[in-house]
file my_file28.txt (compact mmCIF, C-alpha atoms)
# COMPACT_ATOMS: atom_id res chain seq x y z
CA MET K 1 17.23 -8.06 29.45
CA ALA K 2 15.38 -7.24 26.24
CA LYS K 3 15.73 -3.68 25.04
CA PRO K 4 12.38 -1.78 25.12
CA LEU K 5 10.76 -1.52 21.71
CA ALA K 6 10.78 2.28 21.91
CA ASP K 7 14.58 2.32 22.32
CA ILE K 8 15.04 -0.05 19.39
CA ALA K 9 12.69 2.07 17.27
CA ARG K 10 14.49 5.32 18.10
CA GLN K 11 17.88 3.79 17.35
CA ILE K 12 16.74 2.43 13.97
CA SER K 13 14.88 5.61 13.01
CA GLY K 14 18.00 7.66 13.61
CA ALA K 15 20.24 5.41 11.53
CA PRO K 16 21.96 6.92 8.47
CA TRP K 17 19.94 4.76 6.07
CA ASN K 18 16.73 6.34 7.41
CA ARG K 19 17.57 9.99 6.83
CA PRO K 20 14.65 12.03 5.41
CA GLY K 21 14.50 11.84 1.63
CA THR K 22 16.35 8.51 1.39
CA ASP K 23 15.34 6.55 -1.70
CA LYS K 24 13.35 3.54 -0.45
CA THR K 25 12.14 2.25 -3.80
CA TRP K 26 14.10 -0.93 -3.14
CA VAL K 27 11.90 -1.66 -0.09
CA VAL K 28 8.65 -1.76 -2.08
CA ASN K 29 10.35 -3.55 -4.95
CA ALA K 30 11.61 -6.21 -2.50
CA MET K 31 8.12 -6.62 -1.01
CA ALA K 32 6.61 -6.98 -4.50
CA GLN K 33 9.30 -9.51 -5.44
CA ALA K 34 8.65 -11.56 -2.28
CA LEU K 35 4.91 -11.61 -3.00
CA LYS K 36 5.52 -12.70 -6.60
CA PHE K 37 7.75 -15.51 -5.36
CA GLN K 38 5.10 -16.67 -2.85
CA ARG K 39 2.49 -16.63 -5.61
CA GLU K 40 4.68 -18.74 -7.90
CA VAL K 41 5.37 -21.25 -5.11
CA ARG K 42 1.62 -21.58 -4.46
CA GLN K 43 1.02 -22.07 -8.18
CA ALA K 44 3.74 -24.73 -8.43
CA LYS K 45 2.26 -26.59 -5.45
CA ARG K 46 -1.16 -26.57 -7.10
CA VAL K 47 0.32 -28.05 -10.29
CA GLU K 48 2.19 -30.71 -8.25
CA ARG K 49 -1.03 -31.80 -6.52
CA ARG K 50 -2.79 -32.45 -9.86
CA MET E 1 10.32 6.33 -12.21
CA SER E 2 12.25 3.50 -13.87
CA SER E 3 10.92 0.60 -15.93
CA GLY E 4 12.20 -1.79 -13.24
CA ASP E 5 9.95 -0.32 -10.56
CA SER E 6 7.40 -2.68 -9.05
CA GLY E 7 3.65 -2.14 -9.19
CA PHE E 8 3.74 -1.09 -5.53
CA ALA E 9 6.34 1.58 -6.31
CA ARG E 10 4.34 2.87 -9.28
CA ALA E 11 1.12 2.95 -7.25
CA LEU E 12 2.68 4.85 -4.31
CA ALA E 13 4.29 7.36 -6.66
CA ALA E 14 1.00 7.86 -8.52
CA LEU E 15 -0.92 8.41 -5.26
CA SER E 16 1.65 10.90 -4.06
CA GLU E 17 1.76 12.80 -7.36
CA SER E 18 -2.05 12.96 -7.42
CA ASP E 19 -2.08 14.70 -4.04
CA VAL E 20 -3.67 11.83 -2.16
CA ASP E 21 -2.88 12.33 1.54
CA PHE E 22 -1.71 9.05 3.04
CA VAL E 23 0.78 7.56 5.46
CA ILE E 24 2.20 4.08 5.01
CA VAL E 25 1.62 1.95 8.10
CA GLY E 26 1.69 -1.72 9.13
CA VAL E 27 4.44 -4.21 8.40
CA GLY E 28 5.01 -2.57 5.02
CA GLY E 29 5.70 0.72 6.80
CA ILE E 30 7.99 -0.97 9.32
CA ASN E 31 9.92 -2.48 6.39
CA PHE E 32 10.79 1.01 5.17
CA TYR E 33 13.18 1.26 8.12
CA ALA E 34 15.09 -1.91 7.20
CA ARG E 35 18.73 -1.56 6.25
CA THR E 36 18.75 -4.40 3.70
CA PRO E 37 16.13 -6.60 1.97
CA SER E 38 17.07 -9.45 4.33
CA GLU E 39 15.78 -7.38 7.26
CA ALA E 40 12.36 -6.86 5.66
CA PHE E 41 9.43 -8.89 6.96
CA SER E 42 7.12 -10.83 4.70
CA THR E 43 3.68 -9.28 4.24
CA LEU E 44 0.76 -9.98 1.96
CA ASP E 45 -0.12 -6.36 1.29
CA LEU E 46 0.83 -2.75 1.76
CA ASP E 47 -1.24 -0.65 4.18
CA ALA E 48 -1.92 3.02 3.45
CA LEU E 49 -3.77 5.07 6.07
CA LEU E 50 -5.70 7.80 4.25
CA ALA E 51 -6.54 11.26 5.50
CA PRO E 52 -10.19 10.83 6.51
CA SER E 53 -12.17 12.69 3.86
CA ALA E 54 -14.47 11.37 1.16
CA ALA E 55 -12.65 13.49 -1.44
CA ASN E 56 -9.29 12.00 -0.50
CA LEU E 57 -10.65 8.45 -0.56
CA ALA E 58 -12.32 9.09 -3.93
CA GLN E 59 -9.08 10.43 -5.35
CA ALA E 60 -7.13 7.37 -4.11
CA LEU E 61 -9.69 5.04 -5.71
CA ARG E 62 -9.59 6.97 -9.01
CA VAL E 63 -5.78 6.85 -9.17
CA LEU E 64 -5.58 3.14 -8.40
CA ALA E 65 -8.46 2.29 -10.75
CA GLY E 66 -6.47 4.04 -13.48
CA LEU E 67 -3.58 1.65 -12.77
CA GLY E 68 -5.82 -1.41 -13.14
CA TYR E 69 -6.75 -2.06 -9.51
CA ALA E 70 -10.16 -3.45 -8.55
CA PHE E 71 -11.64 -2.97 -5.09
CA GLU E 72 -13.15 -5.06 -2.30
CA ALA E 73 -14.65 -4.14 1.04
CA GLY E 74 -15.67 -6.78 3.56
CA GLY E 75 -14.97 -9.50 0.99
CA GLU E 76 -17.41 -8.01 -1.54
CA PRO E 77 -16.58 -6.08 -4.71
CA PHE E 78 -16.61 -2.35 -4.03
CA ILE E 79 -17.80 -0.37 -7.03
CA ASP E 80 -19.15 2.84 -5.50
CA LEU E 81 -16.00 4.75 -6.34
CA ASP E 82 -17.74 8.10 -6.77
CA ASP E 83 -20.64 7.75 -4.35
CA GLU E 84 -19.88 10.39 -1.75
CA ILE E 85 -22.46 9.11 0.74
CA ILE E 86 -21.00 5.62 0.70
CA LEU E 87 -17.42 6.89 0.83
CA ARG E 88 -18.34 9.06 3.81
CA ARG E 89 -19.85 6.03 5.51
CA VAL E 90 -16.62 4.07 4.93
CA ILE E 91 -14.74 6.81 6.75
CA GLU E 92 -17.26 7.16 9.58
CA ASN E 93 -16.98 3.43 10.21
CA GLY E 94 -13.18 3.46 10.05
CA ALA E 95 -13.47 0.74 7.42
CA SER E 96 -10.89 -0.30 4.85
CA ILE E 97 -11.00 -0.98 1.12
CA SER E 98 -8.64 -3.48 -0.49
CA ALA E 99 -7.21 -2.41 -3.83
CA ILE E 100 -6.30 -5.57 -5.70
CA HIS E 101 -4.22 -5.85 -8.86
CA PRO E 102 -3.95 -9.22 -10.63
CA GLU E 103 -0.16 -8.95 -10.96
CA ASP E 104 0.99 -6.18 -8.68
CA GLY E 105 -0.60 -7.33 -5.42
CA GLU E 106 -2.80 -5.67 -2.85
CA ILE E 107 -2.84 -2.25 -1.22
CA ASP E 108 -5.16 -1.86 1.75
CA LEU E 109 -6.64 1.62 1.96
CA LEU E 110 -7.31 2.12 5.66
CA THR E 111 -9.32 4.88 7.25
CA SER E 112 -8.34 3.97 10.81
CA ILE E 113 -5.73 1.98 12.72
CA THR E 114 -5.36 0.99 16.36
CA ALA E 115 -4.10 3.63 18.80
CA PHE E 116 -3.46 6.51 16.37
CA ASP E 117 -5.53 8.72 14.12
CA TYR E 118 -4.34 10.10 10.80
CA ALA E 119 -3.38 13.49 12.22
CA SER E 120 -1.15 12.08 14.94
CA LEU E 121 0.59 9.75 12.48
CA SER E 122 1.05 12.27 9.70
CA THR E 123 2.35 15.08 11.90
CA ASP E 124 5.79 13.51 12.36
CA ALA E 125 5.77 10.91 9.57
CA ALA E 126 9.10 10.15 7.96
CA GLU E 127 9.48 11.34 4.41
CA PHE E 128 11.17 8.95 2.01
CA GLU E 129 11.42 8.75 -1.74
CA VAL E 130 9.77 6.03 -3.82
CA ALA E 131 10.12 5.97 -7.61
CA GLY E 132 11.05 9.64 -7.59
CA SER E 133 8.10 10.74 -5.45
CA SER E 134 7.91 11.71 -1.83
CA VAL E 135 5.95 9.31 0.41
CA HIS E 136 5.17 9.52 4.11
CA VAL E 137 5.73 6.60 6.45
CA GLY E 138 4.55 6.50 10.07
CA GLN E 139 7.25 6.85 12.73
CA LEU E 140 8.63 3.39 13.48
CA GLU E 141 7.87 3.71 17.21
CA LYS E 142 4.21 4.53 16.49
CA LEU E 143 3.84 1.66 14.01
CA LEU E 144 5.19 -0.75 16.60
CA ARG E 145 2.97 0.72 19.35
CA SER E 146 -0.06 0.32 17.10
CA LYS E 147 0.74 -3.37 16.69
CA GLU E 148 1.24 -3.72 20.43
CA ALA E 149 -2.08 -1.99 21.15
CA SER E 150 -4.01 -4.18 18.71
CA GLY E 151 -3.23 -7.22 20.89
CA ARG E 152 -3.87 -9.58 17.97
CA PRO E 153 -1.82 -12.78 18.29
CA LYS E 154 -0.24 -12.29 14.84
CA ASP E 155 0.82 -8.73 15.73
CA LEU E 156 2.30 -9.82 19.06
CA GLU E 157 4.12 -12.63 17.27
CA PHE E 158 5.45 -10.10 14.78
CA LEU E 159 6.71 -7.89 17.61
CA ARG E 160 8.52 -10.83 19.19
CA ALA E 161 10.24 -11.56 15.86
CA PHE E 162 11.03 -7.86 15.33
CA ARG E 163 12.53 -7.47 18.80
CA ALA E 164 14.59 -10.64 18.39
CA SER E 165 15.97 -9.59 15.02
CA ARG E 166 16.72 -5.98 15.89
CA SER E 167 17.92 -6.23 19.50
CA GLU E 168 21.33 -7.28 18.25
CA ASP E 169 21.78 -4.07 16.20

call {"tool": "encode", "arguments": {"input": "my_file28.txt", "output": "C-alpha cells"}}
result
Amino acid sequence: MAKPLADIARQISGAPWNRPGTDKTWVVNAMAQALKFQREVRQAKRVERR
Amino acid sequence: MSSGDSGFARALAALSESDVDFVIVGVGGINFYARTPSEAFSTLDLDALLAPSAANLAQALRVLAGLGYAFEAGGEPFIDLDDEIILRRVIENGASISAIHPEDGEIDLLTSITAFDYASLSTDAAEFEVAGSSVHVGQLEKLLRSKEASGRPKDLEFLRAFRASRSED
C-alpha cells in the first residue's frame, strides 16, 4: 500500500540533509542549470527546423 | 556569495538581505528537500510567496529590478512598481507578478496559494542557507498539501511522481 504523503513528507523533512541552516545553494543552482539546458535544447530545435 | 552562484541564488540572497519577507513554495520549494540533484523535479520557475503588504511587494520589486528583472502580470508588462494603490490591489486579489530575467529565468512573486496563507506557512517554515543568506521554505508537508488541494491535473500528476520516487526511501 502506498505510504501517505504526510508520512513521506515528515520522514524527508527530518532527514539529516534537511537540518535547519543547511546550505541549499546547490538546489537553486541545479534548477537554474536545468532551465538553461532546456532553453538551449529549445534553441537548437529551432535552428534545426530552419 | 560565490561567482559560481546562479541568478536564482543571487536573487534569493538579495531578497533576504533586503528584508523582503517571503517563503519559497511550489515545486521549487519541494526541491529544497531533495538529497541530490537527481531527486529534484524540473520546474520552469521559482515561486516565492510574499508577506501580504504593499511595502513588502514594493521592496521585492525594487530588489529584483536592481538585478535586471522585468515584470509581468496577467501576461502584460507590469510597470507600476511604486504605485501603492495598484500594489495593494494585487495583494487584495491574491494575484501574482512574474519577475523575468533574460538569462537567469523567472521568479513568480505570489501573494496567495491554495490552502495556506502566508502566516500559516511562515510560522514553521524551514530555514536554509542560499548563497550565504538565510531563506525560508514552506514545510514539505504543507507544500504537498497545497498541491493536493489545488486539484489541478498537473499538480496531481506531480504528486503521483513524487510519491513514486520517494516511497522507496

call {"tool": "closest_residue", "arguments": {"input": "my_file28.txt", "among": "E:Pro153, E:Pro37, E:Gly29, E:Pro102", "to": "chain K", "atoms": "only C-alpha atoms"}}
result
E:Pro37

call {"tool": "interface_residues", "arguments": {"input": "my_file28.txt", "of": "chain E", "to": "chain K", "cutoff": "8 Å", "atoms": "only C-alpha atoms", "output": "PyMOL selection string"}}
result
chain E and resi 5-9+28+31-35+37+40+42-44+104-105+126-132+134+139-141+144+163+166-167

call {"tool": "atom_distance", "arguments": {"input": "my_file28.txt", "atom1": "CA of Ser120 (chain E)", "atom2": "CA of Phe78 (chain E)"}}
result
28.4 Å

call {"tool": "atom_distance", "arguments": {"input": "my_file28.txt", "atom1": "CA of Asp155 (chain E)", "atom2": "CA of Gly26 (chain E)"}}
result
9.7 Å

call {"tool": "atom_distance", "arguments": {"input": "my_file28.txt", "atom1": "CA of Gly138 (chain E)", "atom2": "CA of Tyr118 (chain E)"}}
result
9.6 Å

call {"tool": "residues_around", "arguments": {"input": "my_file28.txt", "residues": "Ala70 (chain E)", "least_positions_apart": "3", "cutoff": "7 Å", "atoms": "all atoms listed in the file", "output": "PyMOL selection string"}}
result
chain E and resi 65+99-101

call {"tool": "residues_near_point", "arguments": {"input": "my_file28.txt", "point": "(-17.1, 10.3, -4.6)", "cutoff": "10 Å", "atoms": "only C-alpha atoms", "output": "list in words"}}
result
Ala54, Ala55, Asn56, Leu57, Ala58, Gln59, Leu61, Arg62, Asp80, Leu81, Asp82, Asp83, Glu84, Ile85, Ile86, Leu87 and Arg88 of chain E

call {"tool": "axis_aligned_box", "arguments": {"input": "my_file28.txt", "around": "region 38-48 of chain K", "padding_each_side": "3 Å", "output": "AutoDock Vina command-line options"}}
result
--center_x 2.1 --center_y -23.7 --center_z -6.6 --size_x 12.5 --size_y 20.1 --size_z 13.4

call {"tool": "decode", "arguments": {"input": "my_file28.txt", "residues": "region 3-80 of chain E", "atoms": "C-alpha atoms", "output": "compact mmCIF listing (two decimals), in the first residue's frame"}}
result
# COMPACT_ATOMS: atom_id res chain seq x y z
CA SER E 3 30.92 33.86 -8.50
CA GLY E 4 29.54 30.42 -9.44
CA ASP E 5 26.15 31.11 -7.88
CA SER E 6 23.19 31.07 -10.24
CA GLY E 7 20.91 34.02 -10.86
CA PHE E 8 18.26 32.32 -8.70
CA ALA E 9 20.72 32.06 -5.81
CA ARG E 10 21.76 35.69 -6.16
CA ALA E 11 18.14 36.85 -6.34
CA LEU E 12 17.05 34.89 -3.24
CA ALA E 13 20.05 36.13 -1.27
CA ALA E 14 19.36 39.73 -2.33
CA LEU E 15 15.69 39.47 -1.33
CA SER E 16 16.61 38.02 2.03
CA GLU E 17 19.31 40.61 2.71
CA SER E 18 16.90 43.41 1.78
CA ASP E 19 14.43 42.25 4.43
CA VAL E 20 11.78 41.10 1.99
CA ASP E 21 9.53 38.65 3.85
CA PHE E 22 8.92 35.60 1.69
CA VAL E 23 8.60 31.83 1.82
CA ILE E 24 9.62 29.62 -1.08
CA VAL E 25 6.76 27.37 -2.18
CA GLY E 26 5.77 25.20 -5.14
CA VAL E 27 7.94 22.62 -6.86
CA GLY E 28 10.98 24.82 -6.30
CA GLY E 29 10.30 24.71 -2.56
CA ILE E 30 9.76 20.94 -2.64
CA ASN E 31 13.13 20.61 -4.41
CA PHE E 32 14.86 22.15 -1.39
CA TYR E 33 14.19 18.89 0.45
CA ALA E 34 15.90 16.73 -2.18
CA ARG E 35 19.01 14.84 -1.15
CA THR E 36 20.76 15.07 -4.53
CA PRO E 37 20.22 16.99 -7.81
CA SER E 38 18.85 13.78 -9.37
CA GLU E 39 15.93 13.91 -6.91
CA ALA E 40 14.97 17.45 -7.91
CA PHE E 41 11.94 17.94 -10.16
CA SER E 42 12.03 20.04 -13.28
CA THR E 43 10.25 23.38 -13.00
CA LEU E 44 10.04 26.45 -15.17
CA ASP E 45 10.22 28.97 -12.36
CA LEU E 46 10.73 29.55 -8.68
CA ASP E 47 7.70 30.53 -6.58
CA ALA E 48 8.06 32.97 -3.69
CA LEU E 49 5.02 33.65 -1.51
CA LEU E 50 5.33 37.20 -0.17
CA ALA E 51 4.07 38.55 3.13
CA PRO E 52 0.91 40.38 2.04
CA SER E 53 1.77 44.06 2.32
CA ALA E 54 2.24 46.67 -0.39
CA ALA E 55 5.53 47.75 1.20
CA ASN E 56 6.89 44.21 1.11
CA LEU E 57 5.82 43.71 -2.51
CA ALA E 58 7.33 47.08 -3.48
CA GLN E 59 10.60 46.15 -1.82
CA ALA E 60 10.71 42.77 -3.64
CA LEU E 61 10.11 44.51 -6.98
CA ARG E 62 12.81 47.13 -6.26
CA VAL E 63 15.39 44.48 -5.36
CA LEU E 64 14.68 42.34 -8.41
CA ALA E 65 14.54 45.35 -10.74
CA GLY E 66 18.02 46.22 -9.48
CA LEU E 67 19.19 42.77 -10.61
CA GLY E 68 17.81 43.28 -14.11
CA TYR E 69 14.41 41.60 -13.80
CA ALA E 70 11.37 42.90 -15.70
CA PHE E 71 7.82 42.17 -14.57
CA GLU E 72 4.59 40.79 -15.99
CA ALA E 73 1.14 40.34 -14.51
CA GLY E 74 -1.61 38.52 -16.37
CA GLY E 75 0.61 38.34 -19.46
CA GLU E 76 1.05 42.13 -19.61
CA PRO E 77 4.12 44.15 -18.64
CA PHE E 78 3.84 45.36 -15.06
CA ILE E 79 5.48 48.73 -14.57
CA ASP E 80 3.66 50.17 -11.55
